[in-house]
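Data block for data_1.csv (CSV, C-alpha atoms and all ligand atoms):
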chain,number,residue,atom,x,y,z
A,253,MET,CA,68.9,-36.9,-124.8
A,254,ARG,CA,72.1,-37.2,-126.8
A,255,VAL,CA,72.1,-36.2,-130.4
A,256,ALA,CA,72.8,-39.7,-131.7
A,257,ASN,CA,69.9,-41.1,-129.6
A,258,LYS,CA,67.6,-38.3,-130.8
A,259,ASN,CA,68.4,-39.0,-134.5
A,260,LEU,CA,67.9,-42.7,-134.0
A,261,MET,CA,64.5,-42.0,-132.3
A,262,ARG,CA,63.5,-39.7,-135.2
A,263,ALA,CA,64.5,-42.3,-137.8
A,264,MET,CA,62.5,-45.0,-136.0
A,265,ASN,CA,59.5,-42.8,-135.7
A,266,ARG,CA,59.6,-41.9,-139.4
A,267,ASP,CA,60.0,-45.6,-140.3
A,268,ASN,CA,57.1,-46.4,-138.1
A,269,VAL,CA,54.8,-43.8,-139.7
A,270,LEU,CA,55.7,-44.6,-143.3
A,271,ARG,CA,55.3,-48.3,-142.7
A,272,THR,CA,51.9,-47.8,-141.1
A,273,VAL,CA,50.8,-45.7,-144.2
A,274,ARG,CA,52.2,-48.3,-146.6
A,275,LEU,CA,50.6,-51.3,-144.9
A,276,GLN,CA,47.3,-49.7,-144.0
A,277,GLY,CA,46.5,-47.7,-147.1
A,278,ASP,CA,44.3,-44.7,-146.6
A,279,ILE,CA,44.6,-43.7,-143.0
A,280,SER,CA,44.1,-40.5,-140.9
A,281,ARG,CA,46.8,-38.9,-138.8
A,282,LYS,CA,44.8,-39.7,-135.7
A,283,GLU,CA,44.7,-43.4,-136.6
A,284,ILE,CA,48.4,-43.4,-137.3
A,285,ALA,CA,49.0,-41.9,-133.8
A,286,ALA,CA,46.8,-44.6,-132.3
A,287,GLN,CA,48.5,-47.4,-134.1
A,288,THR,CA,52.1,-46.3,-133.6
A,289,GLY,CA,51.7,-44.9,-130.1
A,290,LEU,CA,53.3,-41.7,-131.2
A,291,ALA,CA,52.1,-38.2,-130.1
A,292,GLN,CA,49.8,-36.5,-132.5
A,293,SER,CA,52.2,-33.6,-132.9
A,294,THR,CA,55.0,-36.0,-133.8
A,295,VAL,CA,52.8,-37.6,-136.5
A,296,THR,CA,51.9,-34.2,-137.8
A,297,ASP,CA,55.6,-33.2,-138.1
A,298,ILE,CA,56.6,-36.5,-139.8
A,299,THR,CA,53.7,-36.6,-142.2
A,300,ALA,CA,54.4,-33.0,-143.2
A,301,ALA,CA,58.0,-33.9,-144.1
A,302,LEU,CA,56.8,-37.0,-146.0
A,303,ILE,CA,54.2,-35.0,-148.0
A,304,ASN,CA,56.9,-32.5,-148.8
A,305,GLU,CA,59.2,-35.2,-150.1
A,306,GLY,CA,56.3,-36.6,-152.3
A,307,LEU,CA,56.3,-40.0,-150.6
A,308,ILE,CA,52.8,-39.7,-149.3
A,309,PHE,CA,49.8,-37.5,-150.2
A,310,GLU,CA,46.6,-36.2,-148.7
A,311,LYS,CA,43.2,-37.2,-150.0
A,312,ALA,CA,39.6,-36.6,-148.9
A,313,ALA,CA,37.8,-39.5,-147.2
A,314,PRO,CA,35.2,-41.0,-149.6
A,315,GLY,CA,31.5,-41.0,-148.8
A,316,LYS,CA,29.1,-38.3,-147.5
A,317,HIS,CA,30.2,-36.2,-144.6
A,318,THR,CA,28.7,-33.3,-142.7
A,319,GLY,CA,31.1,-30.4,-143.2
A,320,ARG,CA,34.6,-31.0,-144.6
A,321,PRO,CA,35.4,-34.6,-145.3
A,322,PRO,CA,38.2,-36.0,-143.1
A,323,ILE,CA,41.7,-36.0,-144.6
A,324,LEU,CA,43.4,-39.3,-145.1
A,325,LEU,CA,47.0,-40.1,-146.0
A,326,ALA,CA,48.1,-42.6,-148.6
A,327,LEU,CA,51.4,-43.8,-150.0
A,328,ASN,CA,52.5,-42.3,-153.3
A,329,PRO,CA,53.9,-45.5,-154.8
A,330,ASP,CA,55.8,-43.6,-157.5
A,331,GLY,CA,57.1,-40.9,-155.1
A,332,THR,CA,60.5,-42.2,-155.8
A,333,PHE,CA,62.3,-45.1,-157.4
A,334,VAL,CA,65.2,-47.2,-156.4
A,335,ALA,CA,67.5,-49.7,-158.2
A,336,GLY,CA,68.4,-53.2,-157.1
A,337,ALA,CA,70.9,-55.6,-158.5
A,338,TYR,CA,71.6,-59.3,-158.0
A,339,ILE,CA,75.1,-60.3,-158.9
A,340,SER,CA,75.2,-64.0,-159.4
A,341,SER,CA,78.1,-66.0,-160.9
A,342,GLY,CA,77.1,-65.7,-164.5
A,343,LYS,CA,74.8,-62.7,-164.6
A,344,ILE,CA,74.0,-59.3,-163.3
A,345,SER,CA,70.2,-58.6,-163.0
A,346,VAL,CA,69.0,-55.1,-162.3
A,347,VAL,CA,65.5,-53.8,-161.5
A,348,VAL,CA,64.1,-50.4,-160.9
A,349,ILE,CA,61.3,-50.6,-158.4
A,350,ASN,CA,58.8,-48.1,-156.9
A,351,LEU,CA,57.9,-47.8,-153.2
A,352,GLU,CA,55.7,-50.8,-153.5
A,353,ALA,CA,58.5,-52.9,-155.0
A,354,ARG,CA,56.7,-53.0,-158.3
A,355,VAL,CA,59.2,-53.6,-161.1
A,356,MET,CA,59.2,-50.6,-163.4
A,357,GLY,CA,62.0,-51.8,-165.5
A,358,SER,CA,64.6,-54.6,-165.6
A,359,HIS,CA,67.8,-55.5,-167.5
A,360,ALA,CA,70.3,-58.3,-167.2
A,361,LEU,CA,73.8,-58.8,-168.4
A,362,ALA,CA,75.5,-62.2,-168.9
A,363,LEU,CA,79.0,-62.3,-167.5
A,364,ASP,CA,81.9,-63.8,-169.3
A,365,GLU,CA,83.6,-66.2,-166.9
A,366,THR,CA,86.9,-64.5,-167.5
A,367,ILE,CA,85.6,-61.4,-165.8
A,368,THR,CA,86.4,-61.9,-162.2
A,369,THR,CA,88.1,-58.8,-160.7
A,370,PRO,CA,86.1,-56.4,-158.4
A,371,ASP,CA,86.9,-53.5,-160.7
A,372,GLU,CA,85.6,-55.4,-163.8
A,373,ILE,CA,82.5,-56.6,-162.0
A,374,ALA,CA,81.8,-53.1,-160.6
A,375,ASN,CA,82.1,-51.7,-164.2
A,376,ARG,CA,79.6,-54.2,-165.4
A,377,VAL,CA,77.2,-53.4,-162.6
A,378,ALA,CA,77.4,-49.7,-163.4
A,379,GLU,CA,76.9,-50.4,-167.1
A,380,THR,CA,73.8,-52.7,-166.4
A,381,VAL,CA,72.2,-50.1,-164.1
A,382,ARG,CA,72.8,-47.3,-166.6
A,383,THR,CA,71.3,-49.4,-169.4
A,384,CYS,CA,68.3,-50.3,-167.3
A,385,CYS,CA,67.6,-46.7,-166.5
A,386,ILE,CA,68.0,-45.4,-170.0
A,387,ARG,CA,65.9,-48.2,-171.6
A,388,HIS,CA,63.0,-47.6,-169.2
A,389,GLY,CA,63.1,-43.8,-169.3
A,390,PHE,CA,64.7,-43.0,-165.9
A,391,ILE,CA,67.3,-40.2,-165.3
A,392,PRO,CA,69.7,-40.5,-162.4
A,393,GLU,CA,67.8,-38.0,-160.4
A,394,ASP,CA,64.8,-40.3,-160.4
A,395,ILE,CA,66.7,-43.0,-158.5
A,396,SER,CA,67.2,-42.6,-154.8
A,397,GLY,CA,69.9,-45.3,-154.5
A,398,LEU,CA,71.2,-48.7,-155.4
A,399,GLY,CA,71.1,-51.9,-153.4
A,400,LEU,CA,73.2,-55.0,-154.3
A,401,GLY,CA,72.4,-58.6,-153.4
A,402,ILE,CA,75.5,-60.7,-153.5
A,403,PRO,CA,75.9,-64.4,-152.8
A,404,GLY,CA,78.8,-65.3,-150.5
A,405,LEU,CA,80.2,-63.6,-147.5
A,406,VAL,CA,79.2,-60.0,-147.3
A,407,ASN,CA,79.6,-57.5,-144.5
A,408,SER,CA,76.9,-54.9,-145.1
A,409,ASP,CA,78.0,-52.5,-142.4
A,410,GLU,CA,81.5,-52.3,-143.7
A,411,GLY,CA,80.4,-52.5,-147.4
A,412,MET,CA,82.9,-55.4,-147.9
A,413,ILE,CA,82.8,-58.7,-149.7
A,414,HIS,CA,84.9,-61.4,-148.1
A,415,PHE,CA,84.1,-64.2,-150.5
A,416,HIS,CA,82.1,-64.5,-153.7
A,417,PRO,CA,81.5,-68.2,-154.8
A,418,GLY,CA,81.4,-67.3,-158.5
A,419,PHE,CA,84.4,-65.1,-159.0
A,420,SER,CA,86.9,-66.3,-156.4
A,421,LYS,CA,88.6,-68.8,-158.7
A,422,GLY,CA,90.0,-66.0,-160.8
A,423,PHE,CA,90.7,-63.4,-158.1
A,424,ASP,CA,91.1,-63.3,-154.3
A,425,TRP,CA,87.8,-61.7,-153.2
A,426,THR,CA,88.9,-61.1,-149.6
A,427,ASN,CA,88.3,-57.8,-148.0
A,428,VAL,CA,86.9,-56.2,-151.2
A,429,PRO,CA,85.4,-52.7,-150.5
A,430,PHE,CA,82.7,-53.3,-153.2
A,431,LYS,CA,80.1,-50.8,-151.9
A,432,ASP,CA,82.6,-47.9,-152.4
A,433,LEU,CA,83.7,-49.2,-155.7
A,434,VAL,CA,80.2,-49.4,-157.1
A,435,GLU,CA,79.3,-46.1,-155.5
A,436,LYS,CA,82.2,-44.3,-157.3
A,437,LYS,CA,81.3,-45.9,-160.7
A,438,THR,CA,77.5,-45.3,-160.5
A,439,GLY,CA,77.2,-42.1,-158.5
A,440,PHE,CA,74.4,-43.7,-156.6
A,441,GLN,CA,74.5,-44.1,-152.9
A,442,THR,CA,74.9,-47.9,-152.6
A,443,PHE,CA,74.1,-50.6,-150.1
A,444,ILE,CA,75.2,-54.2,-150.2
A,445,GLU,CA,73.9,-57.3,-148.5
A,446,ASN,CA,74.1,-61.1,-148.9
A,447,SER,CA,71.5,-62.1,-151.4
A,448,SER,CA,69.7,-64.6,-149.1
A,449,ASN,CA,69.3,-61.7,-146.8
A,450,THR,CA,67.9,-59.4,-149.6
A,451,LEU,CA,65.4,-62.2,-150.3
A,452,ALA,CA,64.4,-62.4,-146.6
A,453,ILE,CA,64.0,-58.6,-146.6
A,454,TYR,CA,61.8,-58.8,-149.7
A,455,GLU,CA,59.7,-61.5,-148.1
A,456,HIS,CA,59.3,-59.5,-144.9
A,457,TRP,CA,58.3,-56.3,-146.7
A,458,PHE,CA,56.3,-57.6,-149.6
A,459,GLY,CA,56.1,-61.4,-149.7
A,460,ALA,CA,55.0,-64.4,-147.7
A,461,ALA,CA,56.5,-63.1,-144.4
A,462,GLN,CA,54.6,-59.8,-144.1
A,463,GLY,CA,53.6,-59.3,-140.5
A,464,VAL,CA,55.7,-62.4,-139.5
A,465,ASP,CA,58.6,-61.5,-137.1
A,466,ASN,CA,60.2,-64.9,-136.8
A,467,PHE,CA,60.9,-66.7,-140.1
A,468,LEU,CA,63.5,-68.3,-142.2
A,469,VAL,CA,64.0,-68.1,-146.0
A,470,ILE,CA,66.0,-71.0,-147.3
A,471,THR,CA,67.3,-70.8,-150.9
A,472,LEU,CA,68.2,-73.9,-152.8
A,473,GLU,CA,70.3,-72.6,-155.6
A,474,HIS,CA,73.8,-73.6,-156.7
A,475,GLY,CA,74.5,-73.5,-152.9
A,476,ILE,CA,72.1,-73.4,-150.0
A,477,GLY,CA,71.4,-70.0,-148.4
A,478,LEU,CA,69.5,-68.8,-145.4
A,479,GLY,CA,68.1,-65.5,-144.4
A,480,LEU,CA,66.7,-65.3,-140.9
A,481,TYR,CA,64.6,-62.9,-139.0
A,482,VAL,CA,64.4,-63.1,-135.2
A,483,ASN,CA,61.9,-60.9,-133.3
A,484,GLY,CA,61.4,-58.7,-136.4
A,485,ALA,CA,65.1,-58.1,-137.1
A,486,LEU,CA,67.4,-59.6,-139.8
A,487,VAL,CA,70.2,-61.6,-138.1
A,488,ARG,CA,73.6,-60.9,-139.5
A,489,GLY,CA,75.9,-62.2,-136.8
A,490,TRP,CA,79.0,-60.4,-135.4
A,491,GLN,CA,81.0,-60.6,-138.6
A,492,GLY,CA,77.9,-60.0,-140.8
A,493,ILE,CA,78.0,-63.6,-142.2
A,494,ALA,CA,75.4,-65.4,-140.2
A,495,GLY,CA,73.1,-67.8,-142.1
A,496,GLU,CA,75.7,-70.0,-143.9
A,497,PHE,CA,73.3,-72.9,-143.7
A,498,GLY,CA,74.9,-74.6,-146.7
A,499,HIS,CA,78.1,-75.2,-144.7
A,500,VAL,CA,76.6,-76.9,-141.6
A,501,ARG,CA,77.2,-80.6,-141.5
A,502,GLY,CA,75.1,-82.9,-143.6
A,503,ASP,CA,75.2,-86.5,-142.3
A,504,SER,CA,78.5,-87.8,-143.7
A,505,ARG,CA,81.9,-86.5,-144.4
A,506,GLU,CA,82.3,-87.9,-147.9
A,507,ALA,CA,81.3,-85.1,-150.2
A,508,THR,CA,83.8,-82.2,-150.5
A,509,CYS,CA,82.3,-78.8,-150.5
A,510,ARG,CA,83.5,-75.8,-152.5
A,511,CYS,CA,84.3,-74.1,-149.2
A,512,GLY,CA,87.0,-76.8,-148.8
A,513,MET,CA,85.4,-78.7,-145.9
A,514,LYS,CA,83.9,-82.2,-146.2
A,515,GLY,CA,80.3,-83.2,-145.6
A,516,CYS,CA,78.7,-79.7,-145.8
A,517,LEU,CA,74.9,-79.7,-146.4
A,518,GLU,CA,75.2,-78.0,-149.7
A,519,ALA,CA,77.7,-80.6,-151.0
A,520,MET,CA,75.0,-83.2,-150.3
A,521,ALA,CA,71.6,-81.6,-150.9
A,522,SER,CA,71.8,-78.5,-153.1
A,523,PRO,CA,70.6,-78.6,-156.7
A,524,HIS,CA,74.3,-78.7,-157.7
A,525,ALA,CA,74.9,-81.7,-155.5
A,526,ILE,CA,71.8,-83.4,-156.9
A,527,LEU,CA,73.0,-82.8,-160.4
A,528,LYS,CA,76.5,-84.2,-159.5
A,529,GLU,CA,75.0,-87.3,-158.0
A,530,ALA,CA,72.9,-87.8,-161.2
A,531,GLN,CA,75.9,-87.3,-163.4
A,532,LYS,CA,77.8,-89.9,-161.3
A,533,ALA,CA,74.8,-92.3,-161.8
A,534,ALA,CA,75.1,-91.8,-165.5
A,535,ARG,CA,78.9,-92.3,-165.5
A,536,THR,CA,78.6,-95.6,-163.6
A,537,GLY,CA,75.8,-96.9,-165.8
A,538,HIS,CA,73.0,-96.7,-163.2
A,539,TRP,CA,71.1,-94.2,-165.4
A,540,GLN,CA,71.0,-93.8,-169.1
A,541,PRO,CA,70.2,-90.2,-169.8
A,542,PRO,CA,69.0,-89.1,-173.2
A,543,ASN,CA,72.0,-86.7,-173.6
A,544,ASN,CA,75.0,-87.9,-171.6
A,545,HIS,CA,77.1,-84.9,-172.2
A,546,GLN,CA,75.0,-82.0,-171.0
A,547,ILE,CA,72.8,-83.2,-168.2
A,548,THR,CA,70.8,-80.4,-166.6
A,549,LEU,CA,68.8,-80.3,-163.4
A,550,GLU,CA,65.6,-80.2,-165.5
A,551,ASP,CA,66.7,-83.5,-167.3
A,552,VAL,CA,67.2,-85.1,-163.9
A,553,ILE,CA,63.8,-83.9,-162.6
A,554,ASN,CA,62.0,-85.1,-165.8
A,555,ALA,CA,63.6,-88.5,-165.7
A,556,ALA,CA,62.9,-88.9,-162.0
A,557,GLU,CA,59.3,-87.9,-162.6
A,558,ASN,CA,59.1,-90.5,-165.3
A,559,GLY,CA,60.0,-93.2,-162.8
A,560,GLU,CA,63.8,-93.4,-162.9
A,561,LYS,CA,64.3,-95.0,-159.4
A,562,VAL,CA,68.0,-94.2,-158.9
A,563,LEU,CA,67.2,-90.5,-159.5
A,564,GLN,CA,64.2,-90.5,-157.2
A,565,GLU,CA,66.4,-91.9,-154.5
A,566,ILE,CA,68.8,-88.9,-154.9
A,567,PHE,CA,65.9,-86.5,-154.4
A,568,THR,CA,64.6,-88.5,-151.4
A,569,SER,CA,68.1,-88.5,-149.8
A,570,ALA,CA,68.6,-84.8,-150.4
A,571,GLY,CA,65.1,-83.9,-149.1
A,572,THR,CA,65.6,-86.0,-146.0
A,573,ILE,CA,68.9,-84.4,-145.1
A,574,LEU,CA,67.5,-81.0,-145.7
A,575,GLY,CA,64.5,-81.7,-143.6
A,576,GLN,CA,66.6,-83.0,-140.7
A,577,ARG,CA,68.9,-79.9,-140.7
A,578,ILE,CA,65.9,-77.6,-141.1
A,579,ALA,CA,64.4,-79.3,-138.0
A,580,ASP,CA,67.6,-78.5,-136.2
A,581,LEU,CA,67.2,-74.9,-137.1
A,582,THR,CA,63.6,-75.0,-135.9
A,583,ARG,CA,64.7,-76.3,-132.5
A,584,ILE,CA,67.1,-73.4,-132.1
A,585,LEU,CA,65.1,-70.5,-133.6
A,586,ASP,CA,61.5,-71.5,-133.2
A,587,PRO,CA,60.3,-69.8,-136.4
A,588,GLU,CA,56.7,-69.2,-137.2
A,589,THR,CA,57.2,-69.7,-141.0
A,590,ILE,CA,59.9,-71.3,-143.2
A,591,ILE,CA,59.9,-70.2,-146.8
A,592,ILE,CA,61.8,-72.4,-149.2
A,593,THR,CA,62.6,-71.2,-152.7
A,594,GLY,CA,65.2,-71.8,-155.5
A,595,LYS,CA,65.8,-74.0,-158.5
A,596,SER,CA,65.0,-77.1,-156.6
A,597,ASN,CA,61.4,-76.1,-156.3
A,598,LEU,CA,61.0,-77.6,-159.8
A,599,ALA,CA,61.4,-81.0,-158.2
A,600,LYS,CA,58.2,-80.4,-156.1
A,601,ASP,CA,57.1,-83.4,-154.0
A,602,MET,CA,60.0,-85.5,-154.9
A,603,LEU,CA,62.1,-83.3,-152.7
A,604,PHE,CA,59.6,-81.7,-150.4
A,605,ALA,CA,57.6,-84.8,-149.3
A,606,PRO,CA,60.8,-86.4,-147.8
A,607,LEU,CA,61.8,-83.0,-146.4
A,608,ALA,CA,58.5,-82.5,-144.6
A,609,GLN,CA,58.5,-86.1,-143.5
A,610,ALA,CA,62.0,-85.7,-142.0
A,611,MET,CA,60.9,-82.5,-140.2
A,612,ARG,CA,57.9,-84.3,-138.7
A,613,THR,CA,60.1,-87.2,-137.6
A,614,CYS,CA,62.4,-84.7,-135.9
A,615,ASN,CA,59.5,-83.1,-134.0
A,616,SER,CA,58.2,-84.1,-130.6
A,617,LYS,CA,54.8,-83.2,-129.1
A,618,ILE,CA,56.4,-81.1,-126.4
A,619,PHE,CA,57.6,-78.7,-129.1
A,620,ARG,CA,54.0,-78.0,-130.0
A,621,THR,CA,53.4,-77.0,-133.7
A,622,THR,CA,55.8,-77.3,-136.5
A,623,PRO,CA,56.4,-74.1,-138.5
A,624,LYS,CA,54.3,-73.2,-141.5
A,625,LEU,CA,56.2,-74.4,-144.6
A,626,VAL,CA,55.8,-72.2,-147.6
A,627,ILE,CA,57.2,-73.5,-150.9
A,628,SER,CA,57.6,-70.2,-152.8
A,629,PRO,CA,57.8,-70.2,-156.6
A,630,TRP,CA,61.3,-69.6,-157.8
A,631,GLN,CA,61.5,-65.9,-158.9
A,632,GLU,CA,65.1,-64.9,-159.3
A,633,GLU,CA,64.0,-61.3,-159.7
A,634,ASN,CA,63.1,-61.1,-156.0
A,635,TYR,CA,66.8,-61.1,-155.1
A,636,ALA,CA,67.2,-57.8,-157.0
A,637,ARG,CA,63.8,-56.5,-155.7
A,638,GLY,CA,65.0,-57.2,-152.1
A,639,ALA,CA,68.3,-55.4,-152.9
A,640,GLY,CA,66.2,-52.4,-153.9
A,641,VAL,CA,64.4,-52.7,-150.5
A,642,LEU,CA,67.8,-52.0,-148.9
A,643,VAL,CA,67.4,-48.4,-150.2
A,644,LEU,CA,63.7,-48.2,-149.3
A,645,GLN,CA,64.7,-49.1,-145.7
A,646,LYS,CA,67.1,-46.2,-145.5
A,647,LEU,CA,64.6,-44.0,-147.2
A,648,HIS,CA,62.1,-45.0,-144.5
A,649,GLN,CA,64.5,-43.9,-141.8
A,650,ASN,CA,65.9,-41.0,-143.9
A,651,CYS,CA,69.4,-42.0,-142.8
A,652,ALA,CA,71.9,-40.2,-145.0
A,653,ILE,CA,69.5,-40.0,-148.0
A,701,ZN,ZN,81.0,-75.9,-147.3
Can I see the file as structure tokens?
Amino acid sequence: MRVANKNLMRAMNRDNVLRTVRLQGDISRKEIAAQTGLAQSTVTDITAALINEGLIFEKAAPGKHTGRPPILLALNPDGTFVAGAYISSGKISVVVINLEARVMGSHALALDETITTPDEIANRVAETVRTCCIRHGFIPEDISGLGLGIPGLVNSDEGMIHFHPGFSKGFDWTNVPFKDLVEKKTGFQTFIENSSNTLAIYEHWFGAAQGVDNFLVITLEHGIGLGLYVNGALVRGWQGIAGEFGHVRGDSREATCRCGMKGCLEAMASPHAILKEAQKAARTGHWQPPNNHQITLEDVINAAENGEKVLQEIFTSAGTILGQRIADLTRILDPETIIITGKSNLAKDMLFAPLAQAMRTCNSKIFRTTPKLVISPWQEENYARGAGVLVLQKLHQNCAI
């Protein structure tokens, strides 16, 4: 067997053993071998290394036993810590998490809109990570690495950003080697990934998609994002930019999208698009908002909930288009579960009832069941937690850590 194949096999076996211990809790070596299909000797070698690194530990099985009690293995959740950061347009949010993705400390830094160059942003990331560690009592040696979740077009293999929706007005974010930049400034081994993907990774490891191999995570934020798993693996596409669901066609070519095309889904159905439609209704006298100058999404949701018909129709229209396009995705990918999260969740049934209705309308009996729809509470922190899981993934495989 070639060395590369051998190393890959070793990484997969280690990942398999550590995942089994993490998911099963207290478990014997024999049971690990049975569940993973690995030879007992392989399990013994791998678990010895993991004990040595402090990631798992031995404990005696509880209860009465004749002779010595059997030895079980368990995850040491605080065996190491990793940092994760979510870099949105106006804010950098950092968390330090343990092996169970529990948040041990967090810190956020608001970004001035004049700060747009990669060097400036990387400096702010380093500053925010440093502050988070100091405030919560971590020294650099405690942290095994840093993961970054970034909206826009990110190639994780190359460590490059090709487009960032928040910063691109002030600087040309094309071919930016952001991973290397942050690595130099923080001293931490760094991994980068599109933030919809970090959310999907989080859901797969610790959230609503644990044990689910085919699922979609749709994020309704300023734009519309998609993280997708097919047969247990995250799908990135050949350029690393798969999942740009916000830029598939809506159902008309009227609305101009920030990507420059007309009629994109996110130009018609994202929270930002809903807000713009509501602002247009206010401008044209179809809705009299309490504060005409600073209308927020929350204002729009409140007014719609209180019976403002013109706003309710905006949500119905957005939900219907979303449901139709999600149904298209369902036909192509056949997911078991679809998780929807983001700011729009505040609109609840005003958005999701027409969405579910449109999905049902686009389904035929021959396609059997529709996927399970999970409306997940909006927790922005999970982007950063998922970014931290990028480091946990590498730790599981022990690739270059
Ligand atoms: Zn677009």
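Taking all atoms listed in the file, the non-local environment of Leu607 in chain A within 10 Å (same-chain residues fewer than 4 positions away omitted) comprises Phe567, Thr568, Ser569, Ala570, Gly571, Thr572, Ile573, Leu574, Gly575, Gln576, Arg577, Ile578, Ala579, Asp601, Met602, Leu603, Met611, Arg612 and Thr613 of chain A.
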Grab the residues selected above and save them as a tab-separated table (two decimals), keeping the file's coordinate frame with C-alpha atoms.
chain	number	residue	atom	x	y	z
A	567	PHE	CA	65.90	-86.50	-154.40
A	568	THR	CA	64.60	-88.50	-151.40
A	569	SER	CA	68.10	-88.50	-149.80
A	570	ALA	CA	68.60	-84.80	-150.40
A	571	GLY	CA	65.10	-83.90	-149.10
A	572	THR	CA	65.60	-86.00	-146.00
A	573	ILE	CA	68.90	-84.40	-145.10
A	574	LEU	CA	67.50	-81.00	-145.70
A	575	GLY	CA	64.50	-81.70	-143.60
A	576	GLN	CA	66.60	-83.00	-140.70
A	577	ARG	CA	68.90	-79.90	-140.70
A	578	ILE	CA	65.90	-77.60	-141.10
A	579	ALA	CA	64.40	-79.30	-138.00
A	601	ASP	CA	57.10	-83.40	-154.00
A	602	MET	CA	60.00	-85.50	-154.90
A	603	LEU	CA	62.10	-83.30	-152.70
A	611	MET	CA	60.90	-82.50	-140.20
A	612	ARG	CA	57.90	-84.30	-138.70
A	613	THR	CA	60.10	-87.20	-137.60
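CA of Gly401 in chain A is found 7.7 Å from CA of Gly336 in chain A.
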Review point. For ligand ZN 701 (chain A), which residue out of A:Ala610, A:Ala353, A:Ala521, A:Ala485 is the nearest one, using only C-alpha atoms and all ligand atoms?
Key: A:Ala521
**Study point:** Test item: residues at most 8 Å from Ile444 in chain A, only C-alpha atoms, excluding those fewer than 2 positions along its chain, as a ChimeraX atom specification
**Key:** /A:399-402,406-408,411,431,442,446,639,642
Check your understanding: Of the residues A:Val269, A:Cys511, A:Leu325, A:Val355, which is the one nearest to ligand ZN 701 (chain A), using all atoms listed in the file?
Key -> A:Cys511
Please identify every residue of chain A that has at least one atom no farther than 6 Å from an atom of ligand ZN 701 (chain A), counting all atoms listed in the file, and for each give the shortest atom pair and the distance in Å to one decimal, arranged by chain then increasing number, as a tab-separated table.
residue	atom	partner	partner_atom	distance
A:His499	CA	A:ZN701	ZN	4.0
A:Cys509	CA	A:ZN701	ZN	4.5
A:Arg510	CA	A:ZN701	ZN	5.8
A:Cys511	CA	A:ZN701	ZN	4.2
A:Met513	CA	A:ZN701	ZN	5.4
A:Cys516	CA	A:ZN701	ZN	4.7
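With all atoms listed in the file as the atoms that count, the residue of A:Leu581, A:Thr380, A:Ala519, A:Asn558 with the shortest distance to Glu506 in chain A is A:Ala519.
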Check your understanding: Residues at most 12 Å from range 541-552 of chain A, counting all atoms listed in the file, excluding those fewer than 4 positions away in the same chain, as number ranges by chain?
Key -> A: 473-474, 522-537, 556-567, 595-600, 602
Would you give me, as a tab-separated table, each residue of range 454-473 of chain A having an atom within 7 Å of an atom of range 479-482 of chain A, along with its shortest atom pair and that distance in Å to one decimal, using only C-alpha atoms and sorting by chain and residue number?
residue	atom	partner	partner_atom	distance
A:Asp465	CA	A:Val482	CA	6.3
A:Asn466	CA	A:Val482	CA	4.8
A:Phe467	CA	A:Tyr481	CA	5.4
A:Leu468	CA	A:Leu480	CA	4.6
A:Val469	CA	A:Gly479	CA	5.1
A:Ile470	CA	A:Gly479	CA	6.6
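What separates CA of Asn427 in chain A from CA of His414 in chain A is a distance of 5.0 Å.
Across A:Lys282, A:Arg637, A:His456, A:Lys437, the tightest approach to Arg354 in chain A is made by A:Arg637 when counting all atoms listed in the file.
One distance worth recording is that between CA of Asp371 in chain A and CA of Gly439 in chain A, which is 15.1 Å.
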Check your understanding: A:Asp297, A:Glu379, A:Asp267, A:Glu518: which is nearest Gly502 in chain A, counting only C-alpha atoms?
Key -> A:Glu518
Review point. Using only C-alpha atoms, can you list as an NGL selection string the residues within 10 Å of (72.1, -41.6, -163.4)?
Key: :A and (378 or 381-383 or 385-386 or 390-397 or 438-440)
Point to revise | All residues 7 Å or closer to Val346 in chain A, all atoms listed in the file, same chain fewer than 4 positions away omitted, as a count of residues only | key: 11
I need every residue sitting at most 10 Å from the point (57.5, -80.7, -135.6) (coordinates as in the file, all atoms listed in the file considered), written as a short mmCIF file (atom, residue, chain, number, x, y, z; two decimals) with C-alpha atoms, in the frame of the given file.
data_model
loop_
_atom_site.label_atom_id
_atom_site.label_comp_id
_atom_site.auth_asym_id
_atom_site.auth_seq_id
_atom_site.Cartn_x
_atom_site.Cartn_y
_atom_site.Cartn_z
CA ALA A 579 64.40 -79.30 -138.00
CA THR A 582 63.60 -75.00 -135.90
CA ARG A 583 64.70 -76.30 -132.50
CA ALA A 608 58.50 -82.50 -144.60
CA GLN A 609 58.50 -86.10 -143.50
CA ALA A 610 62.00 -85.70 -142.00
CA MET A 611 60.90 -82.50 -140.20
CA ARG A 612 57.90 -84.30 -138.70
CA THR A 613 60.10 -87.20 -137.60
CA CYS A 614 62.40 -84.70 -135.90
CA ASN A 615 59.50 -83.10 -134.00
CA SER A 616 58.20 -84.10 -130.60
CA LYS A 617 54.80 -83.20 -129.10
CA ILE A 618 56.40 -81.10 -126.40
CA PHE A 619 57.60 -78.70 -129.10
CA ARG A 620 54.00 -78.00 -130.00
CA THR A 621 53.40 -77.00 -133.70
CA THR A 622 55.80 -77.30 -136.50
CA PRO A 623 56.40 -74.10 -138.50
#
Review point. So which residues touch Pro403 in chain A within 12 Å, counting only C-alpha atoms, skipping near sequence neighbours fewer than 4 positions away, as a PyMOL selection string?
Key: chain A and resi 337-344+407+413-420+444-451+471+473-479+493+495-496+498+635-636+639
Exercise for review: Return the single residue from A:Arg320, A:Arg274, A:His538, A:Arg266 that is closest to Ala300 in chain A, with distances computed using all atoms listed in the file.
Suggested key: A:Arg266
